[in-house]
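Shown next: start30.pdb, containing PDB, C-alpha atoms.
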MODEL        1
ATOM      1  CA  MET A   1     -58.638 109.739  41.014  1.00  0.00           C
ATOM      2  CA  LYS A   2     -58.097 107.406  43.959  1.00  0.00           C
ATOM      3  CA  LEU A   3     -55.193 105.030  44.304  1.00  0.00           C
ATOM      4  CA  GLY A   4     -55.828 102.827  47.280  1.00  0.00           C
ATOM      5  CA  ASN A   5     -56.717 105.059  50.189  1.00  0.00           C
ATOM      6  CA  ILE A   6     -55.479 108.373  48.758  1.00  0.00           C
ATOM      7  CA  SER A   7     -56.562 110.944  46.180  1.00  0.00           C
ATOM      8  CA  VAL A   8     -53.925 111.479  43.517  1.00  0.00           C
ATOM      9  CA  ARG A   9     -53.339 113.131  40.185  1.00  0.00           C
ATOM     10  CA  GLU A  10     -51.510 111.188  37.494  1.00  0.00           C
ATOM     11  CA  ASP A  11     -48.409 112.592  35.795  1.00  0.00           C
ATOM     12  CA  ASP A  12     -46.826 110.778  32.854  1.00  0.00           C
ATOM     13  CA  THR A  13     -44.182 113.372  31.970  1.00  0.00           C
ATOM     14  CA  GLY A  14     -41.298 111.694  33.848  1.00  0.00           C
ATOM     15  CA  ARG A  15     -39.245 108.530  33.299  1.00  0.00           C
ATOM     16  CA  SER A  16     -41.971 106.547  35.054  1.00  0.00           C
ATOM     17  CA  ILE A  17     -45.626 107.146  35.819  1.00  0.00           C
ATOM     18  CA  ALA A  18     -46.054 109.303  38.912  1.00  0.00           C
ATOM     19  CA  PHE A  19     -49.050 109.936  41.095  1.00  0.00           C
ATOM     20  CA  PHE A  20     -48.972 113.117  43.177  1.00  0.00           C
ATOM     21  CA  CYS A  21     -51.007 113.219  46.362  1.00  0.00           C
ATOM     22  CA  LYS A  22     -53.698 115.866  46.481  1.00  0.00           C
ATOM     23  CA  ASP A  23     -53.788 115.987  50.288  1.00  0.00           C
ATOM     24  CA  PRO A  24     -50.726 117.329  52.170  1.00  0.00           C
ATOM     25  CA  SER A  25     -51.214 114.735  54.948  1.00  0.00           C
ATOM     26  CA  VAL A  26     -51.269 111.112  53.789  1.00  0.00           C
ATOM     27  CA  GLY A  27     -50.619 107.672  55.203  1.00  0.00           C
ATOM     28  CA  VAL A  28     -49.041 104.768  53.347  1.00  0.00           C
ATOM     29  CA  THR A  29     -51.238 101.723  53.909  1.00  0.00           C
ATOM     30  CA  LYS A  30     -51.313  98.141  52.713  1.00  0.00           C
ATOM     31  CA  GLU A  31     -54.312  99.207  50.621  1.00  0.00           C
ATOM     32  CA  LEU A  32     -52.105 101.724  48.780  1.00  0.00           C
ATOM     33  CA  ILE A  33     -49.326  99.157  48.197  1.00  0.00           C
ATOM     34  CA  ASP A  34     -51.863  96.622  46.861  1.00  0.00           C
ATOM     35  CA  ALA A  35     -53.388  99.310  44.601  1.00  0.00           C
ATOM     36  CA  MET A  36     -49.943 100.180  43.215  1.00  0.00           C
ATOM     37  CA  ILE A  37     -49.248  96.542  42.389  1.00  0.00           C
ATOM     38  CA  SER A  38     -52.674  96.126  40.804  1.00  0.00           C
ATOM     39  CA  TRP A  39     -52.379  99.362  38.772  1.00  0.00           C
ATOM     40  CA  SER A  40     -48.940  98.329  37.517  1.00  0.00           C
ATOM     41  CA  LYS A  41     -50.200  94.885  36.435  1.00  0.00           C
ATOM     42  CA  ARG A  42     -53.105  96.476  34.524  1.00  0.00           C
ATOM     43  CA  HIS A  43     -50.667  98.813  32.755  1.00  0.00           C
ATOM     44  CA  ASN A  44     -48.170  96.412  31.247  1.00  0.00           C
ATOM     45  CA  SER A  45     -46.260  95.848  34.517  1.00  0.00           C
ATOM     46  CA  CYS A  46     -44.792  99.340  34.445  1.00  0.00           C
ATOM     47  CA  ASP A  47     -42.714 100.975  37.146  1.00  0.00           C
ATOM     48  CA  LEU A  48     -44.500 103.709  39.065  1.00  0.00           C
ATOM     49  CA  ARG A  49     -44.170 106.079  41.971  1.00  0.00           C
ATOM     50  CA  VAL A  50     -46.594 107.652  44.380  1.00  0.00           C
ATOM     51  CA  CYS A  51     -45.297 111.067  45.395  1.00  0.00           C
ATOM     52  CA  LEU A  52     -46.380 111.866  48.915  1.00  0.00           C
ATOM     53  CA  HIS A  53     -45.502 115.483  48.149  1.00  0.00           C
ATOM     54  CA  GLN A  54     -47.866 117.496  45.967  1.00  0.00           C
ATOM     55  CA  SER A  55     -45.551 119.078  43.386  1.00  0.00           C
ATOM     56  CA  ILE A  56     -42.042 118.827  41.929  1.00  0.00           C
ATOM     57  CA  GLU A  57     -41.556 122.288  43.424  1.00  0.00           C
ATOM     58  CA  ASP A  58     -41.952 121.030  47.023  1.00  0.00           C
ATOM     59  CA  ARG A  59     -38.845 121.341  49.202  1.00  0.00           C
ATOM     60  CA  PHE A  60     -39.067 117.787  50.538  1.00  0.00           C
ATOM     61  CA  HIS A  61     -39.835 114.796  48.316  1.00  0.00           C
ATOM     62  CA  GLN A  62     -41.037 111.429  49.558  1.00  0.00           C
ATOM     63  CA  MET A  63     -42.003 108.732  47.106  1.00  0.00           C
ATOM     64  CA  ILE A  64     -43.245 105.174  47.308  1.00  0.00           C
ATOM     65  CA  ILE A  65     -41.569 103.541  44.312  1.00  0.00           C
ATOM     66  CA  LEU A  66     -42.465 100.246  42.639  1.00  0.00           C
ATOM     67  CA  LEU A  67     -39.767  98.774  40.376  1.00  0.00           C
ATOM     68  CA  HIS A  68     -39.934  95.590  38.345  1.00  0.00           C
ATOM     69  CA  GLY A  69     -37.015  93.235  37.894  1.00  0.00           C
ATOM     70  CA  GLY A  70     -35.652  92.589  34.413  1.00  0.00           C
ATOM     71  CA  ILE A  71     -35.599  96.270  33.388  1.00  0.00           C
ATOM     72  CA  TYR A  72     -32.324  98.157  32.968  1.00  0.00           C
ATOM     73  CA  ARG A  73     -31.991 101.419  34.836  1.00  0.00           C
ATOM     74  CA  ARG A  74     -28.794 103.272  34.035  1.00  0.00           C
ATOM     75  CA  PRO A  75     -26.484 104.125  36.954  1.00  0.00           C
ATOM     76  CA  HIS A  76     -26.722 107.790  37.863  1.00  0.00           C
ATOM     77  CA  LYS A  77     -25.936 110.392  40.499  1.00  0.00           C
ATOM     78  CA  GLU A  78     -27.694 113.442  41.830  1.00  0.00           C
ATOM     79  CA  ILE A  79     -26.393 116.517  43.601  1.00  0.00           C
ATOM     80  CA  ARG A  80     -28.600 115.723  46.596  1.00  0.00           C
ATOM     81  CA  GLN A  81     -28.425 112.886  49.094  1.00  0.00           C
ATOM     82  CA  GLU A  82     -31.314 110.454  49.308  1.00  0.00           C
ATOM     83  CA  SER A  83     -32.462 107.609  51.476  1.00  0.00           C
ATOM     84  CA  CYS A  84     -34.427 104.479  50.706  1.00  0.00           C
ATOM     85  CA  HIS A  85     -36.431 102.319  53.085  1.00  0.00           C
ATOM     86  CA  ILE A  86     -37.609  98.943  51.833  1.00  0.00           C
ATOM     87  CA  ILE A  87     -41.296  98.119  52.100  1.00  0.00           C
ATOM     88  CA  GLN A  88     -41.575  94.912  50.068  1.00  0.00           C
ATOM     89  CA  GLY A  89     -39.162  92.721  48.133  1.00  0.00           C
ATOM     90  CA  LYS A  90     -35.399  92.787  47.883  1.00  0.00           C
ATOM     91  CA  MET A  91     -33.003  94.890  45.864  1.00  0.00           C
ATOM     92  CA  MET A  92     -29.281  95.187  45.354  1.00  0.00           C
ATOM     93  CA  LEU A  93     -27.956  98.721  45.626  1.00  0.00           C
ATOM     94  CA  PHE A  94     -24.683  99.228  43.749  1.00  0.00           C
ATOM     95  CA  LEU A  95     -22.417 102.184  44.524  1.00  0.00           C
ATOM     96  CA  PHE A  96     -19.688 103.040  42.017  1.00  0.00           C
ATOM     97  CA  THR A  97     -16.448 104.991  41.845  1.00  0.00           C
ATOM     98  CA  SER A  98     -16.163 107.861  39.357  1.00  0.00           C
ATOM     99  CA  VAL A  99     -14.795 105.443  36.731  1.00  0.00           C
ATOM    100  CA  GLY A 100     -17.516 102.827  37.177  1.00  0.00           C
ATOM    101  CA  LYS A 101     -15.843 100.319  39.478  1.00  0.00           C
ATOM    102  CA  VAL A 102     -18.247  98.849  42.041  1.00  0.00           C
ATOM    103  CA  SER A 103     -17.291 100.264  45.429  1.00  0.00           C
ATOM    104  CA  ARG A 104     -20.110  98.707  47.429  1.00  0.00           C
ATOM    105  CA  ARG A 105     -22.969  96.216  47.054  1.00  0.00           C
ATOM    106  CA  ILE A 106     -25.771  96.409  49.569  1.00  0.00           C
ATOM    107  CA  ILE A 107     -28.727  94.052  49.745  1.00  0.00           C
ATOM    108  CA  VAL A 108     -31.687  96.107  50.923  1.00  0.00           C
ATOM    109  CA  ASP A 109     -34.518  93.953  52.279  1.00  0.00           C
ATOM    110  CA  ASN A 110     -36.726  93.456  55.324  1.00  0.00           C
ATOM    111  CA  THR A 111     -34.220  91.340  57.256  1.00  0.00           C
ATOM    112  CA  ASN A 112     -30.852  93.100  57.236  1.00  0.00           C
ATOM    113  CA  THR A 113     -30.356  96.540  55.713  1.00  0.00           C
ATOM    114  CA  ILE A 114     -33.845  98.010  55.671  1.00  0.00           C
ATOM    115  CA  VAL A 115     -32.816 101.662  55.221  1.00  0.00           C
ATOM    116  CA  TYR A 116     -29.899 103.016  53.233  1.00  0.00           C
ATOM    117  CA  ARG A 117     -28.724 106.596  52.752  1.00  0.00           C
ATOM    118  CA  ILE A 118     -26.922 107.482  49.529  1.00  0.00           C
ATOM    119  CA  GLY A 119     -24.598 110.472  49.701  1.00  0.00           C
ATOM    120  CA  ALA A 120     -24.715 113.398  47.301  1.00  0.00           C
ATOM    121  CA  ASP A 121     -22.803 112.974  44.021  1.00  0.00           C
ATOM    122  CA  GLN A 122     -22.610 109.187  44.496  1.00  0.00           C
ATOM    123  CA  TRP A 123     -22.944 107.027  41.374  1.00  0.00           C
ATOM    124  CA  HIS A 124     -25.522 104.318  42.121  1.00  0.00           C
ATOM    125  CA  VAL A 125     -28.243 102.061  40.790  1.00  0.00           C
ATOM    126  CA  SER A 126     -30.973 100.005  42.484  1.00  0.00           C
ATOM    127  CA  VAL A 127     -31.587  96.566  40.990  1.00  0.00           C
ATOM    128  CA  PRO A 128     -34.638  94.528  42.027  1.00  0.00           C
ATOM    129  CA  ILE A 129     -33.723  90.964  42.973  1.00  0.00           C
ATOM    130  CA  THR A 130     -37.334  89.926  43.515  1.00  0.00           C
ATOM    131  CA  PRO A 131     -39.902  90.311  40.674  1.00  0.00           C
ATOM    132  CA  ILE A 132     -40.998  93.619  42.202  1.00  0.00           C
ATOM    133  CA  VAL A 133     -39.562  95.817  44.894  1.00  0.00           C
ATOM    134  CA  ILE A 134     -41.342  98.646  46.690  1.00  0.00           C
ATOM    135  CA  PHE A 135     -39.475 101.220  48.726  1.00  0.00           C
ATOM    136  CA  HIS A 136     -39.819 104.659  50.258  1.00  0.00           C
ATOM    137  CA  GLU A 137     -37.374 107.227  48.889  1.00  0.00           C
ATOM    138  CA  ALA A 138     -36.799 110.640  50.456  1.00  0.00           C
ATOM    139  CA  LYS A 139     -34.723 113.602  49.292  1.00  0.00           C
ATOM    140  CA  THR A 140     -34.817 117.362  49.247  1.00  0.00           C
ATOM    141  CA  GLY A 141     -36.551 119.215  46.436  1.00  0.00           C
ATOM    142  CA  PRO A 142     -37.444 120.896  44.278  1.00  0.00           C
ATOM    143  CA  PHE A 143     -36.902 118.405  41.461  1.00  0.00           C
ATOM    144  CA  ALA A 144     -34.676 119.552  38.615  1.00  0.00           C
ATOM    145  CA  GLY A 145     -34.065 116.894  35.973  1.00  0.00           C
ATOM    146  CA  HIS A 146     -30.782 118.462  34.876  1.00  0.00           C
ATOM    147  CA  GLU A 147     -29.332 117.651  38.309  1.00  0.00           C
ATOM    148  CA  THR A 148     -29.410 113.921  37.548  1.00  0.00           C
ATOM    149  CA  LYS A 149     -26.324 112.782  35.648  1.00  0.00           C
ATOM    150  CA  PHE A 150     -26.196 109.396  33.951  1.00  0.00           C
ATOM    151  CA  ALA A 151     -22.969 107.430  34.152  1.00  0.00           C
ATOM    152  CA  PRO A 152     -20.941 107.878  30.959  1.00  0.00           C
ATOM    153  CA  TRP A 153     -19.308 104.471  31.503  1.00  0.00           C
ATOM    154  CA  ALA A 154     -22.622 102.569  31.719  1.00  0.00           C
ATOM    155  CA  PRO A 155     -24.455 101.079  28.727  1.00  0.00           C
ATOM    156  CA  THR A 156     -27.239 103.155  27.221  1.00  0.00           C
ATOM    157  CA  SER A 157     -29.312 100.424  25.548  1.00  0.00           C
ATOM    158  CA  GLN A 158     -31.744  98.134  27.367  1.00  0.00           C
ATOM    159  CA  LYS A 159     -30.145  94.997  25.873  1.00  0.00           C
ATOM    160  CA  ASP A 160     -26.543  95.914  26.766  1.00  0.00           C
ATOM    161  CA  GLY A 161     -27.657  97.311  30.104  1.00  0.00           C
ATOM    162  CA  LEU A 162     -29.347  94.068  31.128  1.00  0.00           C
ATOM    163  CA  LYS A 163     -26.149  92.147  30.312  1.00  0.00           C
ATOM    164  CA  TYR A 164     -24.136  94.671  32.308  1.00  0.00           C
ATOM    165  CA  ILE A 165     -26.396  94.397  35.379  1.00  0.00           C
ATOM    166  CA  GLN A 166     -26.455  90.601  35.120  1.00  0.00           C
ATOM    167  CA  GLY A 167     -22.643  90.656  35.169  1.00  0.00           C
ATOM    168  CA  LEU A 168     -22.666  92.837  38.292  1.00  0.00           C
ATOM    169  CA  LEU A 169     -25.087  90.469  40.015  1.00  0.00           C
ATOM    170  CA  GLU A 170     -23.051  87.404  39.033  1.00  0.00           C
ATOM    171  CA  GLU A 171     -19.862  88.941  40.449  1.00  0.00           C
ATOM    172  CA  ARG A 172     -21.555  88.824  43.836  1.00  0.00           C
ATOM    173  CA  GLY A 173     -23.188  85.468  43.250  1.00  0.00           C
ATOM    174  CA  THR A 174     -26.691  86.914  43.611  1.00  0.00           C
TER     175      THR A 174
ENDMDL
END

Could you write out this file's structure as structure tokens?
Amino acid sequence: MKLGNISVREDDTGRSIAFFCKDPSVGVTKELIDAMISWSKRHNSCDLRVCLHQSIEDRFHQMIILLHGGIYRRPHKEIRQESCHIIQGKMMLFLFTSVGKVSRRIIVDNTNTIVYRIGADQWHVSVPITPIVIFHEAKTGPFAGHETKFAPWAPTSQKDGLKYIQGLLEERGT
């Protein structure tokens, strides 16, 4: 199948829909971003990612991620560092201490902090401030789901999670 300007294969086995590139050399174009937005709208405004790598086994992972606002994503940490580079929209990146206290709030957008690197074993969560946010995420692979740990101090339900995130945003006045 084609998504924008690239050939992809769809994978629905993860937490969000993923599209893996079939070609090892790909460019991210406005056509691809528009196709991601359009595909998401046609599929119940779901989150999605386009994996520029070809397999979860690849040693380097780069993804173009589309997230919608108003959906709770539980704070988590991974054993690997990662970086995010904003493409469209605005998000608040929260970093937490080991007991769940906010240690840093970073607005990631096209005007101030456009790239942010998250250290290994750092509790964090990205929260869209605009209706959608699209960013480039990069980290080493291969992917191993058991390496992602969800914060034991964070709510597990969507309803409680949304209240929790809203409280975090209000603390900042966002």

Test item: residues at most 8 Å from His53 of chain A, all atoms listed in the file, excluding those fewer than 2 positions along its chain, as a list in words | Phe20, Cys21, Pro24, Cys51, Ser55, Ile56, Asp58, Phe60, His61, Gln62 and Met63 of chain A

So that each row is one residue of segment 46-100 of chain A with an atom at most 7 Å from segment 123-135 of chain A, can you give its shortest atom pair and the distance in Å to one decimal, using only C-alpha atoms, rows by chain and rising number, as JSON lines?
{"residue": "A:Ile64", "atom": "CA", "partner": "A:Phe135", "partner_atom": "CA", "distance": 5.6}
{"residue": "A:Ile65", "atom": "CA", "partner": "A:Phe135", "partner_atom": "CA", "distance": 5.4}
{"residue": "A:Leu66", "atom": "CA", "partner": "A:Ile134", "partner_atom": "CA", "distance": 4.5}
{"residue": "A:Leu67", "atom": "CA", "partner": "A:Val133", "partner_atom": "CA", "distance": 5.4}
{"residue": "A:His68", "atom": "CA", "partner": "A:Ile132", "partner_atom": "CA", "distance": 4.5}
{"residue": "A:Gly69", "atom": "CA", "partner": "A:Pro128", "partner_atom": "CA", "distance": 4.9}
{"residue": "A:Arg74", "atom": "CA", "partner": "A:Val125", "partner_atom": "CA", "distance": 6.9}
{"residue": "A:Pro75", "atom": "CA", "partner": "A:Val125", "partner_atom": "CA", "distance": 4.7}
{"residue": "A:His76", "atom": "CA", "partner": "A:Trp123", "partner_atom": "CA", "distance": 5.2}
{"residue": "A:Lys77", "atom": "CA", "partner": "A:Trp123", "partner_atom": "CA", "distance": 4.6}
{"residue": "A:Cys84", "atom": "CA", "partner": "A:Phe135", "partner_atom": "CA", "distance": 6.3}
{"residue": "A:His85", "atom": "CA", "partner": "A:Phe135", "partner_atom": "CA", "distance": 5.4}
{"residue": "A:Ile86", "atom": "CA", "partner": "A:Phe135", "partner_atom": "CA", "distance": 4.3}
{"residue": "A:Ile87", "atom": "CA", "partner": "A:Phe135", "partner_atom": "CA", "distance": 4.9}
{"residue": "A:Gln88", "atom": "CA", "partner": "A:Ile134", "partner_atom": "CA", "distance": 5.0}
{"residue": "A:Gly89", "atom": "CA", "partner": "A:Val133", "partner_atom": "CA", "distance": 4.5}
{"residue": "A:Lys90", "atom": "CA", "partner": "A:Ile129", "partner_atom": "CA", "distance": 5.5}
{"residue": "A:Met91", "atom": "CA", "partner": "A:Pro128", "partner_atom": "CA", "distance": 4.2}
{"residue": "A:Met92", "atom": "CA", "partner": "A:Val127", "partner_atom": "CA", "distance": 5.1}
{"residue": "A:Leu93", "atom": "CA", "partner": "A:Ser126", "partner_atom": "CA", "distance": 4.5}
{"residue": "A:Phe94", "atom": "CA", "partner": "A:His124", "partner_atom": "CA", "distance": 5.4}
{"residue": "A:Leu95", "atom": "CA", "partner": "A:His124", "partner_atom": "CA", "distance": 4.5}
{"residue": "A:Phe96", "atom": "CA", "partner": "A:Trp123", "partner_atom": "CA", "distance": 5.2}
{"residue": "A:Thr97", "atom": "CA", "partner": "A:Trp123", "partner_atom": "CA", "distance": 6.8}

Kindly give the distance, in Å, that separates atom CA of Asp109 of chain A and atom CA of Gln81 of chain A, rounded to a single decimal.
->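 Those two atoms sit 20.1 Å apart.
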
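Counting only C-alpha atoms and comparing A:Lys149, A:Val99, A:Gly14, A:Ile71, the residue that lies closest to Gln166 of chain A is A:Ile71.
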
Given only C-alpha atoms, how would the per-residue table for segment 20-104 of chain A near segment 2-8 of chain A read, listing every residue at most 10 Å away with its closest atom pair and distance in Å to one decimal, sorted by chain and number, as a tab-separated table?
residue	atom	partner	partner_atom	distance
A:Phe20	CA	A:Val8	CA	5.2
A:Cys21	CA	A:Val8	CA	4.4
A:Lys22	CA	A:Val8	CA	5.3
A:Asp23	CA	A:Ser7	CA	7.1
A:Ser25	CA	A:Ile6	CA	9.8
A:Val26	CA	A:Ile6	CA	7.1
A:Gly27	CA	A:Ile6	CA	8.1
A:Val28	CA	A:Asn5	CA	8.3
A:Thr29	CA	A:Asn5	CA	7.4
A:Lys30	CA	A:Gly4	CA	8.5
A:Glu31	CA	A:Gly4	CA	5.2
A:Leu32	CA	A:Gly4	CA	4.2
A:Ile33	CA	A:Gly4	CA	7.5
A:Asp34	CA	A:Gly4	CA	7.4
A:Ala35	CA	A:Gly4	CA	5.0
A:Met36	CA	A:Leu3	CA	7.2
A:Ser38	CA	A:Gly4	CA	9.8
A:Trp39	CA	A:Leu3	CA	8.4
A:Val50	CA	A:Val8	CA	8.3
A:Cys51	CA	A:Val8	CA	8.8
A:Leu52	CA	A:Val8	CA	9.3
A:Gln54	CA	A:Val8	CA	8.9

Where does the PyMOL selection byres ((chain A and resi 142) around 7) land in this file, that is, which residues does it pick, as a list in words?
-> Ile56, Glu57, Asp58, Arg59, Thr140, Gly141, Phe143 and Ala144 of chain A

Given the selection you just returned, output its residues as a file containing C-alpha atoms, formatted as a short mmCIF file (atom, residue, chain, number, x, y, z; two decimals), in the coordinates of the input.
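selection.cif written:
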data_model
loop_
_atom_site.label_atom_id
_atom_site.label_comp_id
_atom_site.auth_asym_id
_atom_site.auth_seq_id
_atom_site.Cartn_x
_atom_site.Cartn_y
_atom_site.Cartn_z
CA ILE A 56 -42.04 118.83 41.93
CA GLU A 57 -41.56 122.29 43.42
CA ASP A 58 -41.95 121.03 47.02
CA ARG A 59 -38.84 121.34 49.20
CA THR A 140 -34.82 117.36 49.25
CA GLY A 141 -36.55 119.22 46.44
CA PHE A 143 -36.90 118.40 41.46
CA ALA A 144 -34.68 119.55 38.62
#

Evaluate the PyMOL selection byres ((chain A and resi 117) around 12) and report residues as number ranges by chain | A: 80-86, 93, 95, 106, 108, 113-116, 118-120, 122, 124, 136-139

Separation of atom CA of Ser16 of chain A from atom CA of Arg49 of chain A in Å |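 Value for the atom CA of Arg49 of chain A-atom CA of Ser16 of chain A distance: 7.3 Å.
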
Looking at all atoms listed in the file, which of A:Ile79, A:Val102, A:Asn44, A:Ala18 is the one that sits closest to Gly167 of chain A?
->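 Checking each of A:Ile79, A:Val102, A:Asn44, A:Ala18 against Gly167 of chain A, counting all atoms listed in the file, the winner is A:Val102.
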
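Our summary of the geometry notes that atom CA of Tyr72 of chain A is positioned 21.8 Å from atom CA of Asp11 of chain A.
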
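Using all atoms listed in the file, the nearest neighbour of Arg104 of chain A within the list A:Glu147, A:Leu168, A:Lys41, A:Gln158 is A:Leu168.
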
Supply segment 95-103 of chain A as a tab-separated table (two decimals), keeping the file's coordinate frame, with all heavy atoms built in where the input has gaps.
chain	number	residue	atom	x	y	z
A	95	LEU	N	-23.08	100.89	44.50
A	95	LEU	CA	-22.42	102.18	44.52
A	95	LEU	C	-21.15	102.05	43.70
A	95	LEU	O	-20.48	101.00	43.74
A	95	LEU	CB	-22.08	102.60	45.96
A	95	LEU	CG	-23.24	102.66	46.95
A	95	LEU	CD1	-22.74	103.09	48.33
A	95	LEU	CD2	-24.34	103.58	46.46
A	96	PHE	N	-20.81	103.09	42.95
A	96	PHE	CA	-19.69	103.04	42.02
A	96	PHE	C	-18.70	104.17	42.27
A	96	PHE	O	-19.08	105.24	42.75
A	96	PHE	CB	-20.19	103.18	40.57
A	96	PHE	CG	-21.18	102.15	40.14
A	96	PHE	CD1	-22.54	102.39	40.26
A	96	PHE	CD2	-20.78	100.95	39.59
A	96	PHE	CE1	-23.48	101.46	39.85
A	96	PHE	CE2	-21.70	100.00	39.18
A	96	PHE	CZ	-23.06	100.25	39.32
A	97	THR	N	-17.44	103.92	41.86
A	97	THR	CA	-16.45	104.99	41.84
A	97	THR	C	-16.72	105.87	40.63
A	97	THR	O	-17.57	105.55	39.78
A	97	THR	CB	-15.03	104.42	41.73
A	97	THR	OG1	-14.89	103.79	40.45
A	97	THR	CG2	-14.73	103.42	42.85
A	98	SER	N	-15.96	106.93	40.49
A	98	SER	CA	-16.16	107.86	39.36
A	98	SER	C	-15.85	107.22	38.01
A	98	SER	O	-16.30	107.72	36.98
A	98	SER	CB	-15.32	109.12	39.55
A	98	SER	OG	-13.95	108.77	39.60
A	99	VAL	N	-15.11	106.11	37.99
A	99	VAL	CA	-14.80	105.44	36.73
A	99	VAL	C	-15.62	104.17	36.52
A	99	VAL	O	-15.36	103.41	35.59
A	99	VAL	CB	-13.28	105.14	36.61
A	99	VAL	CG1	-12.48	106.43	36.52
A	99	VAL	CG2	-12.80	104.26	37.75
A	100	GLY	N	-16.59	103.94	37.39
A	100	GLY	CA	-17.52	102.83	37.18
A	100	GLY	C	-17.17	101.53	37.87
A	100	GLY	O	-17.82	100.51	37.66
A	101	LYS	N	-16.17	101.53	38.72
A	101	LYS	CA	-15.84	100.32	39.48
A	101	LYS	C	-16.81	100.23	40.66
A	101	LYS	O	-17.08	101.22	41.34
A	101	LYS	CB	-14.40	100.41	39.97
A	101	LYS	CG	-13.93	99.19	40.72
A	101	LYS	CD	-12.44	99.36	41.05
A	101	LYS	CE	-11.82	98.37	41.91
A	101	LYS	NZ	-12.23	97.19	42.32
A	102	VAL	N	-17.33	99.03	40.92
A	102	VAL	CA	-18.25	98.85	42.04
A	102	VAL	C	-17.48	99.06	43.34
A	102	VAL	O	-16.47	98.39	43.59
A	102	VAL	CB	-18.90	97.45	42.02
A	102	VAL	CG1	-19.74	97.22	43.27
A	102	VAL	CG2	-19.74	97.27	40.76
A	103	SER	N	-17.94	100.00	44.14
A	103	SER	CA	-17.29	100.26	45.43
A	103	SER	C	-18.04	99.60	46.58
A	103	SER	O	-17.44	99.32	47.62
A	103	SER	CB	-17.17	101.77	45.68
A	103	SER	OG	-18.43	102.38	45.73
